[in-house]
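Enquirer: The structure under discussion is supplied below as C-alpha cells; questions concerning it will follow.
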Amino acid sequence: MITRLTAQLESITQGAIPIATLHTNPDFAIELLIPQYLAHTLESKINDRVTLHTRVYLEAQGQGTSFLPRVIGFGSPVERDFFEVFTSVKGVGTKKALRALVEPPSTIAAFIVSKDAKALTKLPEIGKRSAETMIAELSGKIDKFAGDAIMAGASATRTAPTSTIEQSSFPPAAAEAIAALMALGEQRSTAEQKVQIAMTKVDADADVDVLVQTVFGG
C-alpha cells in the first residue's frame, strides 16, 4: 500500500478533479488525483519537492468489467483521514467527494459541526438532501477535523470592537468563544448555553481557545 510520496512536483492539471504529476526520477512519474483546495496550494510549488499522503483505490471501467488503480494525494494524514470519513456518507463516492472538496477539510467539517446545510450546498455536487444526510450521518464523528476552522473563527473575534464584548455578561474569553460559535452558524442562545457548560469543565482563567475546544469535546 502506498501511503506517502515525496518527489518533485512537475505539474498541476486543472479540472473538475485536478491532477498532480510527481516526478520521482528521470524515468518515472506518477499522476495523483487531488482535491481542488490542495491544487491551489500546490500551484506555487511547481518544481519543488513535495510530500503527499496517499490513498489508493480501484476505479471501475467498462461498467465494472475492469478496474484502473488510482492514487489520491492529500496534504497531510489528517486530511486523508477526513476524506475517509467524508466518503462514508451514503451517496458520496470517491469522485464526488473529490469534486466537492473545494474548501479545506477543516472548513467543511466546521459546516457539518455547526449544522450549516446552506454552506454545504455551495460545494460542487452537494444538494440540500446530501447536505442534510452529511449532517445526520457525521454528527459526532467530524468534530476533531473542525479544530483549525473553529480556532480561525475564534481569532477573528479578537478584532471585534470592545463594545461588542462588553455588551455581554460573560467574561471576555467566554464572550469571544460565543462569537466564534455564532460565526460557525450557532444561534446566540445555543452558543451561550454551550459555553456555559464548557466553563464548568475548565479553569476559571481558561482562554477562548480552551473554551471552544471544550465545547467540541477537545
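Residue numbering restarts at 1 in every chain; chains get A, B, ... in the order shown in the C-alpha cells, and ligands count up from 1 in that same order.
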Please give the complete set of residues from segment 3-214 of chain A that DSSP, run on the backbone, assigns to strand (DSSP E), formatted as an MDAnalysis selection string.
Expert: chainID A and resid 4:13 19:25 28:33 49:61 66:74
Enquirer: Using only C-alpha atoms, please write the residues we just selected to a file, as a PDB file, in the first residue's frame.
Expert:
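And here is the file that came out, result_18.pdb:
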ATOM      1  CA  ARG A   4       3.157   8.663   1.202  1.00  0.00           C
ATOM      2  CA  LEU A   5       5.095  10.043  -1.765  1.00  0.00           C
ATOM      3  CA  THR A   6       7.875  12.638  -1.742  1.00  0.00           C
ATOM      4  CA  ALA A   7       9.046  13.848  -5.145  1.00  0.00           C
ATOM      5  CA  GLN A   8       9.389  16.854  -7.419  1.00  0.00           C
ATOM      6  CA  LEU A   9       6.052  18.391  -8.378  1.00  0.00           C
ATOM      7  CA  GLU A  10       6.154  18.534 -12.165  1.00  0.00           C
ATOM      8  CA  SER A  11       2.723  19.994 -12.917  1.00  0.00           C
ATOM      9  CA  ILE A  12      -0.856  20.601 -11.805  1.00  0.00           C
ATOM     10  CA  THR A  13      -3.535  19.895 -14.403  1.00  0.00           C
ATOM     11  CA  ILE A  19      -4.199  16.036 -11.271  1.00  0.00           C
ATOM     12  CA  ALA A  20      -0.753  16.468  -9.730  1.00  0.00           C
ATOM     13  CA  THR A  21       2.178  14.882 -11.580  1.00  0.00           C
ATOM     14  CA  LEU A  22       5.119  13.931  -9.360  1.00  0.00           C
ATOM     15  CA  HIS A  23       8.495  13.309 -10.986  1.00  0.00           C
ATOM     16  CA  THR A  24      10.386  10.749  -8.903  1.00  0.00           C
ATOM     17  CA  ASN A  25      13.347  10.126 -11.227  1.00  0.00           C
ATOM     18  CA  PHE A  28       9.345   7.609 -13.704  1.00  0.00           C
ATOM     19  CA  ALA A  29       6.449   9.967 -12.932  1.00  0.00           C
ATOM     20  CA  ILE A  30       3.122   9.352 -11.232  1.00  0.00           C
ATOM     21  CA  GLU A  31      -0.233  11.118 -11.533  1.00  0.00           C
ATOM     22  CA  LEU A  32      -2.310  11.680  -8.403  1.00  0.00           C
ATOM     23  CA  LEU A  33      -5.872  12.933  -8.166  1.00  0.00           C
ATOM     24  CA  ARG A  49       9.875  18.639  -3.757  1.00  0.00           C
ATOM     25  CA  VAL A  50       6.574  17.978  -2.010  1.00  0.00           C
ATOM     26  CA  THR A  51       5.147  15.232   0.160  1.00  0.00           C
ATOM     27  CA  LEU A  52       1.638  13.953  -0.455  1.00  0.00           C
ATOM     28  CA  HIS A  53      -0.137  11.461   1.780  1.00  0.00           C
ATOM     29  CA  THR A  54      -1.943   8.978  -0.380  1.00  0.00           C
ATOM     30  CA  ARG A  55      -4.914   6.703  -0.700  1.00  0.00           C
ATOM     31  CA  VAL A  56      -5.193   4.075  -3.451  1.00  0.00           C
ATOM     32  CA  TYR A  57      -8.490   2.845  -4.871  1.00  0.00           C
ATOM     33  CA  LEU A  58      -9.713   0.918  -7.901  1.00  0.00           C
ATOM     34  CA  GLU A  59     -11.844   2.845 -10.392  1.00  0.00           C
ATOM     35  CA  ALA A  60     -14.373   0.740 -12.298  1.00  0.00           C
ATOM     36  CA  GLN A  61     -14.077   0.794 -16.091  1.00  0.00           C
ATOM     37  CA  SER A  66     -12.283  -3.957 -15.373  1.00  0.00           C
ATOM     38  CA  PHE A  67     -10.629  -1.717 -12.808  1.00  0.00           C
ATOM     39  CA  LEU A  68      -7.976   1.004 -13.023  1.00  0.00           C
ATOM     40  CA  PRO A  69      -5.792   1.763  -9.978  1.00  0.00           C
ATOM     41  CA  ARG A  70      -5.907   5.417  -8.932  1.00  0.00           C
ATOM     42  CA  VAL A  71      -3.845   7.293  -6.359  1.00  0.00           C
ATOM     43  CA  ILE A  72      -5.288  10.269  -4.438  1.00  0.00           C
ATOM     44  CA  GLY A  73      -2.995  12.780  -2.763  1.00  0.00           C
ATOM     45  CA  PHE A  74      -3.595  14.856   0.363  1.00  0.00           C
TER      46      PHE A  74
END
Enquirer: Would you kindly return, as a count of residues only, each protein, DNA or RNA residue with an atom no farther than 8 Å from any atom of Ala97 of chain A, considering only C-alpha atoms and excluding same-chain residues fewer than 6 positions away?
Expert: 3
Enquirer: Would you mind listing what lies within 12 Å of Lys115 of chain A as a compact mmCIF listing (two decimals) with C-alpha atoms, in the first residue's frame, with only C-alpha atoms counted and same-chain residues fewer than 6 positions away left out?
Expert:
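Contents of around.txt, freshly written:
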# COMPACT_ATOMS: atom_id res chain seq x y z
CA ILE A 108 -16.20 21.63 5.64
CA ALA A 109 -16.05 19.86 9.00
CA THR A 121 -24.89 23.15 -0.61
CA ALA A 131 -26.09 18.23 2.96
CA GLU A 132 -28.76 17.07 5.39
CA THR A 133 -27.54 13.47 5.08
CA MET A 134 -23.97 14.56 5.84
CA ILE A 135 -25.06 16.42 8.95
CA ALA A 136 -27.14 13.49 10.16
CA GLU A 137 -24.59 10.75 9.46
CA LEU A 138 -21.45 12.61 10.55
CA SER A 139 -22.79 14.17 13.73
CA GLY A 140 -20.23 13.49 16.47
CA ILE A 142 -16.28 15.01 12.40
CA ASP A 143 -15.66 17.41 15.30
CA LEU A 181 -19.61 29.62 17.67
CA MET A 182 -22.03 32.13 16.19
CA LEU A 184 -19.96 28.95 12.63
CA GLY A 185 -23.75 29.22 12.47
CA GLU A 186 -24.90 28.65 16.04
CA GLN A 187 -27.78 30.73 17.43
Enquirer: What's the 9 Å shell around Glu125 of chain A, counting only C-alpha atoms, without same-chain residues fewer than 5 positions away, as a ChimeraX atom specification?
Expert: /A:96-97,99-100,130
Enquirer: Taking only C-alpha atoms into account, name the residue in A:Asp81, A:Asp203, A:Asp48, A:Asp27 that is nearest to Thr3 of chain A.
Expert: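 Using only C-alpha atoms, the shortest distance to Thr3 of chain A belongs to A:Asp81.
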Enquirer: Within 7 Å of segment 212-216 of chain A, counting only C-alpha atoms, which residues show up once you throw out same-chain ones fewer than 2 positions away? Write them as a list of chain:residue names, please.
Expert: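 Here the answer would be A:Asp143, A:Ala177, A:Lys194, A:Val195, A:Ala198, A:Val208, A:Asp209, A:Val210, A:Gly218.
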Enquirer: Given the choices A:Thr107, A:Gly62, A:Ala39, A:Lys141, which gets closest to Ser88 of chain A if the distance is worked out from only C-alpha atoms?
Expert: A:Lys141
Enquirer: Write down as a PyMOL selection string the residues belonging to chain A that are assigned helix (DSSP H, G or I) by DSSP computed on the backbone.
Expert: chain A and resi 36-45+77-86+94-100+105-113+117-120+128-138+143-157+162-166+172-183+188-199+208-215
Enquirer: Would you save the residues of that selection, restricted to C-alpha atoms, as a CSV table (one decimal), in the first residue's frame?
Expert:
chain,number,residue,atom,x,y,z
A,36,GLN,CA,-9.3,21.5,-5.5
A,37,TYR,CA,-8.3,23.1,-2.2
A,38,LEU,CA,-4.9,21.4,-2.4
A,39,ALA,CA,-4.4,22.2,-6.0
A,40,HIS,CA,-4.5,25.9,-5.2
A,41,THR,CA,-1.8,25.4,-2.5
A,42,LEU,CA,0.4,23.3,-4.7
A,43,GLU,CA,0.4,25.7,-7.7
A,44,SER,CA,3.1,27.8,-6.1
A,45,LYS,CA,5.3,24.8,-5.5
A,77,PRO,CA,-2.6,12.3,7.1
A,78,VAL,CA,-5.4,14.3,8.9
A,79,GLU,CA,-6.8,15.5,5.5
A,80,ARG,CA,-6.7,11.9,4.3
A,81,ASP,CA,-8.5,10.7,7.4
A,82,PHE,CA,-11.2,13.3,6.9
A,83,PHE,CA,-11.7,12.0,3.3
A,84,GLU,CA,-12.2,8.5,4.6
A,85,VAL,CA,-15.0,9.7,7.0
A,86,PHE,CA,-16.4,12.1,4.3
A,94,THR,CA,-14.7,8.9,-4.1
A,95,LYS,CA,-15.0,11.2,-7.2
A,96,LYS,CA,-18.0,13.1,-5.9
A,97,ALA,CA,-16.1,13.8,-2.7
A,98,LEU,CA,-13.0,15.0,-4.6
A,99,ARG,CA,-15.1,17.3,-6.7
A,100,ALA,CA,-16.8,18.7,-3.5
A,105,PRO,CA,-11.4,19.7,5.3
A,106,SER,CA,-11.4,21.8,8.5
A,107,THR,CA,-13.8,24.3,6.9
A,108,ILE,CA,-16.2,21.6,5.6
A,109,ALA,CA,-16.0,19.9,9.0
A,110,ALA,CA,-17.0,23.1,10.7
A,111,PHE,CA,-20.0,23.5,8.4
A,112,ILE,CA,-21.1,20.0,9.4
A,113,VAL,CA,-20.5,20.5,13.2
A,117,ALA,CA,-26.6,22.9,5.4
A,118,LYS,CA,-26.8,26.1,3.4
A,119,ALA,CA,-23.0,26.4,3.4
A,120,LEU,CA,-22.6,22.7,2.4
A,128,LYS,CA,-29.9,20.1,0.0
A,129,ARG,CA,-30.6,16.4,0.6
A,130,SER,CA,-26.9,15.4,0.5
A,131,ALA,CA,-26.1,18.2,3.0
A,132,GLU,CA,-28.8,17.1,5.4
A,133,THR,CA,-27.5,13.5,5.1
A,134,MET,CA,-24.0,14.6,5.8
A,135,ILE,CA,-25.1,16.4,8.9
A,136,ALA,CA,-27.1,13.5,10.2
A,137,GLU,CA,-24.6,10.7,9.5
A,138,LEU,CA,-21.4,12.6,10.6
A,143,ASP,CA,-15.7,17.4,15.3
A,144,LYS,CA,-11.9,16.7,15.6
A,145,PHE,CA,-11.4,17.8,12.0
A,146,ALA,CA,-13.1,21.2,12.6
A,147,GLY,CA,-10.4,22.5,15.0
A,148,ASP,CA,-8.5,24.8,12.6
A,149,ALA,CA,-11.6,26.5,11.3
A,150,ILE,CA,-13.0,26.9,14.8
A,151,MET,CA,-9.8,28.5,16.0
A,152,ALA,CA,-9.7,30.8,13.0
A,153,GLY,CA,-13.2,31.9,13.8
A,154,ALA,CA,-12.2,32.5,17.4
A,155,SER,CA,-9.1,34.5,16.4
A,156,ALA,CA,-11.3,36.7,14.1
A,157,THR,CA,-13.5,37.7,17.1
A,162,THR,CA,-14.5,46.1,22.7
A,163,SER,CA,-18.1,47.4,23.0
A,164,THR,CA,-19.4,44.2,21.4
A,165,ILE,CA,-17.8,42.1,24.1
A,166,GLU,CA,-18.8,44.5,26.9
A,172,PRO,CA,-14.2,38.3,27.8
A,173,ALA,CA,-12.8,34.8,26.8
A,174,ALA,CA,-16.3,33.3,27.1
A,175,ALA,CA,-17.8,36.2,25.0
A,176,GLU,CA,-15.2,35.6,22.3
A,177,ALA,CA,-16.0,31.8,22.4
A,178,ILE,CA,-19.7,32.6,21.9
A,179,ALA,CA,-18.9,34.9,19.0
A,180,ALA,CA,-16.8,32.1,17.4
A,181,LEU,CA,-19.6,29.6,17.7
A,182,MET,CA,-22.0,32.1,16.2
A,183,ALA,CA,-19.6,32.7,13.3
A,188,ARG,CA,-26.7,33.0,20.3
A,189,SER,CA,-28.8,31.2,22.9
A,190,THR,CA,-27.3,27.9,21.9
A,191,ALA,CA,-23.8,29.2,21.8
A,192,GLU,CA,-24.2,30.8,25.2
A,193,GLN,CA,-25.5,27.5,26.6
A,194,LYS,CA,-22.6,25.5,25.2
A,195,VAL,CA,-20.0,27.9,26.5
A,196,GLN,CA,-21.7,28.0,29.9
A,197,ILE,CA,-21.4,24.2,30.1
A,198,ALA,CA,-17.7,24.4,28.9
A,199,MET,CA,-17.0,26.9,31.6
A,208,VAL,CA,-11.0,31.4,24.3
A,209,ASP,CA,-9.2,28.5,22.5
A,210,VAL,CA,-9.6,26.2,25.5
A,211,LEU,CA,-13.3,27.1,25.8
A,212,VAL,CA,-14.0,26.4,22.1
A,213,GLN,CA,-12.0,23.2,22.2
A,214,THR,CA,-14.0,22.1,25.2
A,215,VAL,CA,-17.3,22.8,23.5
Enquirer: Between A:Pro18, A:Gly93, A:Gly75, A:Pro104, which is the closest to Ile126 of chain A once you count only C-alpha atoms?
Expert: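 Checking each of A:Pro18, A:Gly93, A:Gly75, A:Pro104 against Ile126 of chain A, counting only C-alpha atoms, the winner is A:Gly93.
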Enquirer: Pick the closest to Gly127 of chain A from A:Val202, A:Ile34, A:Val102, A:Val92: which is it, counting only C-alpha atoms?
Expert: A:Val92
Enquirer: Atom CA of Pro35 of chain A and atom CA of Ile17 of chain A, how far apart in Å?
Expert: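 Distance reported for this atom pair: 6.3 Å.
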Enquirer: What does the distance between atom CA of Leu123 of chain A and atom CA of Glu103 of chain A come to in Å, to one decimal place?
Expert: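 Computing it gives 8.0 Å between the two atoms.
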